[in-house]
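Working notes, structure below.
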Amino acid sequence: IPKTTALSVILSVKITTGENCITVSAATIEQYVAITIPAFVIESGEAFVDVDDITRVYNLDGTITIEANNEKFVVKNTKKCCEVAAQDYKKEEIAFPMGVIPKMYKVTESEMVQSLLALDSMHYMEESRPIMTGFNIRGDLQRIAVCDGHRLAVKQIKGKFYDNKFNITIPSVVCPSMKKIARAKSDNALVIGYGKPNNSSVKYIKISGVDFTYWCRPLDGEFIDVEKIVSGLREDFRFQIDADEVCAITKEYYKFLKPTKYFDGLPMVIRKSANGICTAAVTKAYSTADRIVEDCDGIPDFIFMCNAKYIYEAANLFGGKRINVIMEDKTRDGYCYGMMGFTDDEQEYKAYVLPVRPGSDTVATITKKAWELISKL
């Protein structure tokens, strides 16, 4: 069974005039988006343009003039004029269900876009478990969460929930869409609705901004119980690290690390010993080690092996802050088997990364070389 399912592509873009505005819209069987643009309308009407053609003319600068009929679609400004053939796609237009659905959550565009962008890197888009490929929003906890088979992240969100029982999972494709049509620095209101629109037997998500509307299907199924997983993590010990320092170190690591036969990732080692808490990355051609914490009295010795990129993405959520690293004292043969948690004092973000399970010659070789490097610090 393929990890991804082929969906219908956008054939055309529909342009419709309104009162002092035009609306540009497009749809697939899974998504619909409409963007309203202020305009001086001379004559009302609508036109369908091939999506490949419209992408060739959309980047004209300044004020543009649009002329359209059944045969051609012309876009021009003072320096350039582009003409493409109009298309008769009306018969093939996807009739996306629309109508009034209950409001669930109101927030600013900036809060939603920044939350989605921050958490987007903390899950794998092609995760083979579909329910994990989305953003789960819960009204009772006022949080948004993402996860995959290796890590999870939670962010507390602001805004007004109209229904505290609101609990849906928005597909990951929403993030790039919101990045393009919403404004990351705008205080304009953004409203998320959820329910059955007119003449529809299934529920849809509707995201409405001042000048755009976005519809999509929610992910079916029950999202994992993030709170149960997080609450089950014992805080046997903790230490503080500088987020920017860890980002700089791990970013350097994954530039030269390559996946191994055992571990399809970028393996790095975090080790506590008499030398402090140190990190190391090992390859045949190049190896390096760094001390990130010097004063760590009371913390037992441990070895935590993980994906360098995951540590970078977790630390990157807290840019410019001192962050708390929380760990469980779950060790066997010196290796830590528990999750590594990251949070700041305000607990706006929480991120958790699973370790690599030792058990191969490759892992043993990496950790042995890492220890040799760390012991020299």
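Chain labels A, B, ... are given in the sequence in which chains occur in the structure tokens; within each chain residues are numbered consecutively from 1, and ligands are likewise numbered from 1 in the order shown.
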Would you mind listing what lies within 10 Å of Asn20 of chain A as a ChimeraX atom specification, with only C-alpha atoms counted and same-chain residues fewer than 6 positions away left out? /A:37-42
Can you tell me which residues surround Asp236 of chain A at a distance of at most 10 Å, considering only C-alpha atoms, apart from same-chain residues fewer than 2 positions away, and format the answer as a PyMOL selection string? chain A and resi 233-234+238+299-300+326-330
Can you list, as a PyMOL selection string, all residues belonging to segment 108-219 of chain A that DSSP tags as helix (DSSP H, G or I)? chain A and resi 109-120+130-132+174-181
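Interatomic distance, atom CA of Pro267 of chain A against atom CA of Gly298 of chain A: 26.8 Å.
Nearest residue to Cys247 of chain A among A:Ile270, A:Ile64, A:Val84, A:Ile311 is A:Ile311, counting only C-alpha atoms.
Separating atom CA of Ala243 of chain A from atom CA of Ile137 of chain A is a distance of 26.1 Å.
Between Lys206 of chain A and the residues A:Thr17, A:Asn316, A:Ser115, A:Gln31, the shortest atom-to-atom distance, using only C-alpha atoms, involves A:Gln31.
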Which parts of segment 190-240 of chain A does DSSP call strand (DSSP E or B) when run on the backbone here, written out as number ranges by chain? A: 190-195, 204-208, 212-216, 237-240
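Considering only C-alpha atoms, the residue among A:Asn188, A:Asn198, A:Asp242, A:His123 positioned nearest to Val353 of chain A is A:His123.
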Mind pulling up the distance from atom CA of Thr343 of chain A to atom CA of Val325 of chain A? 6.8 Å
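Closest approach to Leu354 of chain A among A:Gly45, A:Ala86, A:Asn307, A:Asn136 is made by A:Asn307 (distances from only C-alpha atoms).
Excluding segment 118-121 of chain A itself and same-chain residues fewer than 5 positions from it, the residues having an atom within 10 Å of it are Met112, Val113, Thr133, Gly134, Phe135, Ile144, Ala145, Val146, Cys147, Leu152, Ala153, Val154, Lys155, Ser172, Cys175, Pro176, Lys309, Tyr310, Glu313, Ala314, Asn316, Leu317, Phe318, Tyr349 and Ala351 of chain A, counting only C-alpha atoms.
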